[in-house]
Amino acid sequence: MKLKHIIKSQQFSVPSIMELFATAQQMEKVVARGGTQDYNSKIMASLFYEPSTRTRFSFETAMHRLGGRILSTENAKEFSSAISGESIEDTIKVLSQFVDVIVLRHDEIGGAERAAAVSNVPVINAGDGKGGQHPTQALTDLYTIFREIKTIDGLNIALVGDLAHGRTVRSLAYLLSKFERVKIFFVAPDKLQIHQDILDHLEENKVWFAQENDLKKVVAEVDVVYQTRIEKILLEVSDNDYEKIMESFFINSGMMKKMKSNSIVMHPLPRLKEISSEVDTDSRAAYFRQSQNGIYVRMALLKTVLDA
Amino acid sequence: MKLKHIIKSQQFSVPSIMELFATAQQMEKVVARGGTQDYNSKIMASLFYEPSTRTRFSFETAMHRLGGRILSTENAKEFSSAISGESIEDTIKVLSQFVDVIVLRHDEIGGAERAAAVSNVPVINAGDGKGGQHPTQALTDLYTIFREIKTIDGLNIALVGDLAHGRTVRSLAYLLSKFERVKIFFVAPDKLQIHQDILDHLEENKVWFAQENDLKKVVAEVDVVYQTRIEKILLEVSDNDYEKIMESFFINSGMMKKMKSNSIVMHPLPRLKEISSEVDTDSRAAYFRQSQNGIYVRMALLKTVLDA
Amino acid sequence: MKLKHIIKSQQFSVPSIMELFATAQQMEKVVARGGTQDYNSKIMASLFYEPSTRTRFSFETAMHRLGGRILSTENAKEFSSAISGESIEDTIKVLSQFVDVIVLRHDEIGGAERAAAVSNVPVINAGDGKGGQHPTQALTDLYTIFREIKTIDGLNIALVGDLAHGRTVRSLAYLLSKFERVKIFFVAPDKLQIHQDILDHLEENKVWFAQENDLKKVVAEVDVVYQTRIEKILLEVSDNDYEKIMESFFINSGMMKKMKSNSIVMHPLPRLKEISSEVDTDSRAAYFRQSQNGIYVRMALLKTVLDA
């Protein structure tokens, strides 16, 4: 697989995804053996225009496990436009002379694409703006389903929570649409349902979907519950009403009893109260394995672009 | 010595302290030879919920001298609870999948203990809250006394300054109480004297102590003067009264003349005016050697938990 | 060449500059071969009292390409004086026990000199205060002229823009004055012309110079146009007048047509509108090569002080 830049989920075909997942599985073994020093002359820049310590640490761990080196800032606005007035293009032209790969978290939709257009080295999009893309998270999510259930084809998947604002869920829906006989249930309060553009995309690709507003209605028939956060403020309701609405979405041991024995619960983290901590010890709780998988998928992506 | 987590001074016995100090002395030799690359596949996370660049740099230097790798943030509140509402437990569960050891500076007492309870990898407490613990600093202090005077047993030690708020002094008092025939003088303005819990602990352990409010009264008979900062604001006095009070605590060449020739002056740094810079060239001024010892003690602690 | 500290441009003689440039050219080859691991036991501290991500990344890239290790903070005020009241001297005494070289960006003129006076390890000045020095930038600029035109002697050089506040231009003028038959044109609005101290220095050293307020008057006869930023706010004019004034200084393809075919355009970056992006593809546009040269020059400086 030849990849120069990693900008959005749509750029991946099913065969390239499967090749990437094979590399990710190799990476699990590399980490189990204590990592490699193969890339010890390579430098990755973490260029974050807004702080996201978890995502940054995931990429930096991946690069370290490959033996590589790191430049890091969560203060990139100072480097660039906000203070100096410099364009993202100039910033990237300079930085891409210094390092071997750039991991970019930008605060505007399309930032990663603009960066890739002028960069001498691979650019990996680590999130660009609210409602933009976060392809390495979506690939991590898909890899987790694949690792846990051994297939994507034919699965019933509930995407739950704030589907209107969640970058992750949108990117994942794009990826799922590439597979066979997938059924997607969008489970959200009306105010926070998935946007029409995603539904249009699914219809075009002949993917079965339904919209629901209570997880309990579908939980027994799905293979994957993908939970996300619901910010109370977005619902514009009282505390009492919030608790009541949340009864339809919260995952606790009662909800787990309704789930199939070979299903899994996922969450991109961080979580608030939408998954009770009593669920953590259930073997179907896959969300911490999911964050660990992020290391392997990001190692595979870094290896792919550095080898290209 | 098997150590999983390093949370508080009390967890160390005299034999384990002596074993650690032997390792620290080996580490001095390792650094003199240019460090080792033995731990080049290991990753340490510096997870600081409040900035403490000096402590962070000391740990990161120690890890580098062992050949290791580093993830670093002084912005951990963003990672975790303050903004995202995530619990410290979830943060640590995720991060302990990424790295091999976590150095944690938390802003609440007990933060390190909560982290250790859920971590897959060793957690080292680099300070948890005002009035909490800072065990690696206390071990560094004790190691300095041991390196300078070759013994802890039988020493007379003056702990000076703000004893009410100083995390360091409290942790050091716990460690000193484990040794034989130690005499401790607590020298502080009345408002900033040591708290009763420490005195109770010393009485239980039959450690001799006295309380004083003028360093000049005891300086001639002690082996160690451990100076700390007194923030003027805590005394609630005028500028004039502050200068007057400080005459009883400040260390200048006049005070040094009263000290024994084989005694030492320590300070956890940073200092304000409580030790005059004219003292720096006196061979008994041990405070810069003390900060250097922090590297060796932290290397010994990292080696111990990574080897366990 | 024996160098302990790198504090200001004036400390370099022409032979030491040429020795440094020879090392920088070796470093180009080292980077082309994938860097070296020779300095993998060495630690560089980036101690920045004010953020300057571009300069920090340039130094950290240089250290990584040498195989070295990095401690990094853009938050050094917390480490030191502003919050803790600690002197820069105490900070450096402690830090120079930890690491092998300190790269210091201080916010006061003379900060680097004070640091060097007490440091056990080399201190490299990465900028000290507005109107202070930034010698590694000036050496990078000079190296770029040397690399592009093969000589410094006998060149006609236009220094353009805000010459009153630019640290870079002042440092470069000092360096240029050491060479033979150099002619310098200071091209700036009257309010932002070069200060008298630099002119006095040039007269003492018998360097030819002239002052102009329109780049178009001299652009056809110079070998180097060194462009810098002009902040509108410093001119205290209306938007209309600003645009009008800028016509005398802006570099676009029209201005490039007037330039000699073997001349070059430089800029320390970041730029605003003072060089149009349409100029970027002109082979005489040397400003991105200039920022890349910063890596080689800083590698050469780090190697020189670490080997001394």
# chains A, B, ... in the order shown; residues from 1 in each chain; ligands from 1

call {"tool": "residues_around", "arguments": {"residues": "Ser277 of chain B", "least_positions_apart": "3", "cutoff": "12 Å", "atoms": "only C-alpha atoms", "output": "ChimeraX atom specification"}}
result
/B:250-253,271-274,280-282,285,287-288 /C:86-87,89-90

call {"tool": "write_last_selection", "arguments": {"atoms": "C-alpha atoms", "output": "CSV table (one decimal), in the first residue's frame"}}
result
chain,number,residue,atom,x,y,z
B,250,PHE,CA,18.0,33.8,57.3
B,251,ILE,CA,21.2,32.0,56.6
B,252,ASN,CA,24.1,34.3,55.7
B,253,SER,CA,27.9,34.2,56.3
B,271,ARG,CA,15.0,29.8,47.2
B,272,LEU,CA,14.2,33.4,47.7
B,273,LYS,CA,16.3,35.4,50.3
B,274,GLU,CA,16.3,32.8,53.1
B,280,ASP,CA,26.9,29.3,47.9
B,281,THR,CA,30.7,29.1,47.8
B,282,ASP,CA,30.9,27.6,51.3
B,285,ALA,CA,26.3,24.6,51.1
B,287,TYR,CA,21.8,22.5,48.1
B,288,PHE,CA,23.0,22.3,44.5
C,86,GLU,CA,14.1,32.3,41.7
C,87,SER,CA,17.0,34.0,39.9
C,89,GLU,CA,21.4,32.1,38.0
C,90,ASP,CA,19.9,29.5,40.4

call {"tool": "interface_residues", "arguments": {"of": "chain B", "to": "chain A", "cutoff": "8 Å", "atoms": "only C-alpha atoms", "output": "PyMOL selection string"}}
result
chain B and resi 41-43+69+71+73+75-76+78-80+84-86+90+93-94+97-99

call {"tool": "residues_around", "arguments": {"residues": "Ala115 of chain B", "least_positions_apart": "2", "cutoff": "7 Å", "atoms": "only C-alpha atoms", "output": "ChimeraX atom specification"}}
result
/B:88-89,92,111-113,117-119

call {"tool": "write_last_selection", "arguments": {"atoms": "N, CA and C atoms", "output": "PDB file, in the first residue's frame"}}
result
ATOM      1  N   ILE B  88      -9.736  10.473  37.083  1.00  0.00           N
ATOM      2  CA  ILE B  88      -8.313  10.113  37.046  1.00  0.00           C
ATOM      3  C   ILE B  88      -8.169   8.612  36.776  1.00  0.00           C
ATOM      4  N   GLU B  89      -9.115   7.815  37.252  1.00  0.00           N
ATOM      5  CA  GLU B  89      -9.033   6.362  37.036  1.00  0.00           C
ATOM      6  C   GLU B  89      -9.077   6.029  35.534  1.00  0.00           C
ATOM      7  N   ILE B  92      -5.808   7.066  33.787  1.00  0.00           N
ATOM      8  CA  ILE B  92      -4.681   6.168  34.083  1.00  0.00           C
ATOM      9  C   ILE B  92      -4.876   4.817  33.409  1.00  0.00           C
ATOM     10  N   GLY B 111      -4.325  11.641  45.000  1.00  0.00           N
ATOM     11  CA  GLY B 111      -4.406  11.410  43.552  1.00  0.00           C
ATOM     12  C   GLY B 111      -3.523  10.257  43.110  1.00  0.00           C
ATOM     13  N   ALA B 112      -2.309  10.190  43.643  1.00  0.00           N
ATOM     14  CA  ALA B 112      -1.369   9.139  43.238  1.00  0.00           C
ATOM     15  C   ALA B 112      -1.872   7.768  43.684  1.00  0.00           C
ATOM     16  N   GLU B 113      -2.479   7.723  44.855  1.00  0.00           N
ATOM     17  CA  GLU B 113      -2.995   6.447  45.371  1.00  0.00           C
ATOM     18  C   GLU B 113      -4.153   5.951  44.497  1.00  0.00           C
ATOM     19  N   ALA B 117      -4.105   2.462  42.071  1.00  0.00           N
ATOM     20  CA  ALA B 117      -5.105   1.403  42.281  1.00  0.00           C
ATOM     21  C   ALA B 117      -5.609   0.807  40.963  1.00  0.00           C
ATOM     22  N   VAL B 118      -5.555   1.559  39.896  1.00  0.00           N
ATOM     23  CA  VAL B 118      -6.091   1.065  38.615  1.00  0.00           C
ATOM     24  C   VAL B 118      -5.027   0.906  37.529  1.00  0.00           C
ATOM     25  N   SER B 119      -3.775   1.233  37.832  1.00  0.00           N
ATOM     26  CA  SER B 119      -2.742   1.262  36.783  1.00  0.00           C
ATOM     27  C   SER B 119      -2.151  -0.118  36.509  1.00  0.00           C
TER      28      SER B 119
END

call {"tool": "atom_distance", "arguments": {"atom1": "atom CA of Ala24 of chain B", "atom2": "atom CA of Tyr143 of chain B"}}
result
8.5 Å

call {"tool": "residues_around", "arguments": {"residues": "Leu306 of chain A", "least_positions_apart": "5", "cutoff": "9 Å", "atoms": "only C-alpha atoms", "output": "PyMOL selection string"}}
result
chain A and resi 4+39+42+100-101+121-122+301

call {"tool": "write_last_selection", "arguments": {"atoms": "N, CA and C atoms", "output": "PDB file, in the first residue's frame"}}
result
ATOM      1  N   LYS A   4       0.523   8.554   0.868  1.00  0.00           N
ATOM      2  CA  LYS A   4       1.373   9.690   1.201  1.00  0.00           C
ATOM      3  C   LYS A   4       0.808  10.383   2.441  1.00  0.00           C
ATOM      4  N   TYR A  39      13.187   2.753  13.337  1.00  0.00           N
ATOM      5  CA  TYR A  39      12.942   4.108  12.839  1.00  0.00           C
ATOM      6  C   TYR A  39      13.650   5.156  13.711  1.00  0.00           C
ATOM      7  N   LYS A  42      14.204   8.639  12.389  1.00  0.00           N
ATOM      8  CA  LYS A  42      13.040   9.374  11.870  1.00  0.00           C
ATOM      9  C   LYS A  42      12.467  10.299  12.948  1.00  0.00           C
ATOM     10  N   ASP A 100      10.230  14.064   9.338  1.00  0.00           N
ATOM     11  CA  ASP A 100       9.921  13.010   8.369  1.00  0.00           C
ATOM     12  C   ASP A 100       8.421  12.752   8.242  1.00  0.00           C
ATOM     13  N   VAL A 101       7.645  13.169   9.225  1.00  0.00           N
ATOM     14  CA  VAL A 101       6.188  13.016   9.174  1.00  0.00           C
ATOM     15  C   VAL A 101       5.573  14.043  10.130  1.00  0.00           C
ATOM     16  N   VAL A 121       6.626  16.111   3.243  1.00  0.00           N
ATOM     17  CA  VAL A 121       6.593  14.837   3.975  1.00  0.00           C
ATOM     18  C   VAL A 121       5.138  14.486   4.277  1.00  0.00           C
ATOM     19  N   PRO A 122       4.858  13.224   4.623  1.00  0.00           N
ATOM     20  CA  PRO A 122       3.472  12.840   4.897  1.00  0.00           C
ATOM     21  C   PRO A 122       2.841  13.654   6.021  1.00  0.00           C
ATOM     22  N   LEU A 301      -0.025   2.968  10.533  1.00  0.00           N
ATOM     23  CA  LEU A 301      -0.112   4.119   9.633  1.00  0.00           C
ATOM     24  C   LEU A 301       1.237   4.827   9.500  1.00  0.00           C
TER      25      LEU A 301
END

call {"tool": "select_by_dssp", "arguments": {"residues": "segment 131-237 of chain B", "states": "alpha helix (DSSP H)", "output": "MDAnalysis selection string"}}
result
chainID B and resid 135:149 167:176 196:204 232:235

call {"tool": "residues_around", "arguments": {"residues": "segment 126-135 of chain A", "least_positions_apart": "3", "cutoff": "10 Å", "atoms": "only C-alpha atoms", "output": "compact mmCIF listing (two decimals) with C-alpha atoms, in the first residue's frame"}}
result
# COMPACT_ATOMS: atom_id res chain seq x y z
CA ILE A 6 -3.79 10.42 5.72
CA ILE A 7 -6.51 13.02 5.54
CA LYS A 8 -9.94 11.40 5.60
CA SER A 9 -11.71 8.06 5.98
CA GLN A 10 -13.01 8.12 2.41
CA GLN A 11 -9.52 7.65 0.96
CA PHE A 12 -9.39 4.05 2.21
CA SER A 46 3.13 16.60 16.75
CA LEU A 47 1.72 19.92 15.56
CA PHE A 48 -1.41 20.53 17.62
CA TYR A 49 -3.30 23.80 17.13
CA GLU A 50 -5.50 22.84 20.08
CA SER A 52 -5.59 16.95 22.78
CA THR A 55 -4.50 11.77 20.86
CA ARG A 56 -1.03 13.27 21.01
CA PHE A 59 0.67 9.03 18.29
CA ILE A 102 3.74 15.61 10.54
CA VAL A 103 0.80 14.74 12.78
CA LEU A 104 -1.54 17.70 12.56
CA ARG A 105 -4.46 18.64 14.79
CA HIS A 106 -5.92 21.75 13.25
CA ASP A 107 -8.85 23.81 14.47
CA GLU A 108 -10.44 24.42 11.08
CA ILE A 109 -12.14 21.96 8.77
CA GLY A 110 -9.87 21.36 5.79
CA GLY A 111 -6.70 22.33 7.66
CA ALA A 112 -5.12 18.92 7.07
CA GLU A 113 -5.89 19.06 3.36
CA VAL A 123 0.76 14.68 6.86
CA ALA A 138 -12.27 5.84 12.85
CA LEU A 139 -9.72 3.26 11.67
CA THR A 140 -8.99 2.39 15.32
CA ASP A 141 -12.70 1.89 15.92
CA ALA A 164 -24.97 15.48 15.44
CA HIS A 165 -21.61 16.76 16.71
CA GLY A 166 -19.50 13.61 16.97
CA ARG A 167 -16.63 13.67 14.48
CA THR A 168 -15.86 10.03 15.33
CA VAL A 169 -19.28 8.63 14.56
CA ARG A 170 -19.47 10.42 11.23
CA SER A 171 -16.06 9.10 10.13
CA LEU A 172 -16.96 5.59 11.28
CA LEU A 175 -15.97 3.46 6.76

call {"tool": "atom_distance", "arguments": {"atom1": "atom CA of Ile184 of chain C", "atom2": "atom CA of Ile233 of chain C"}}
result
26.6 Å
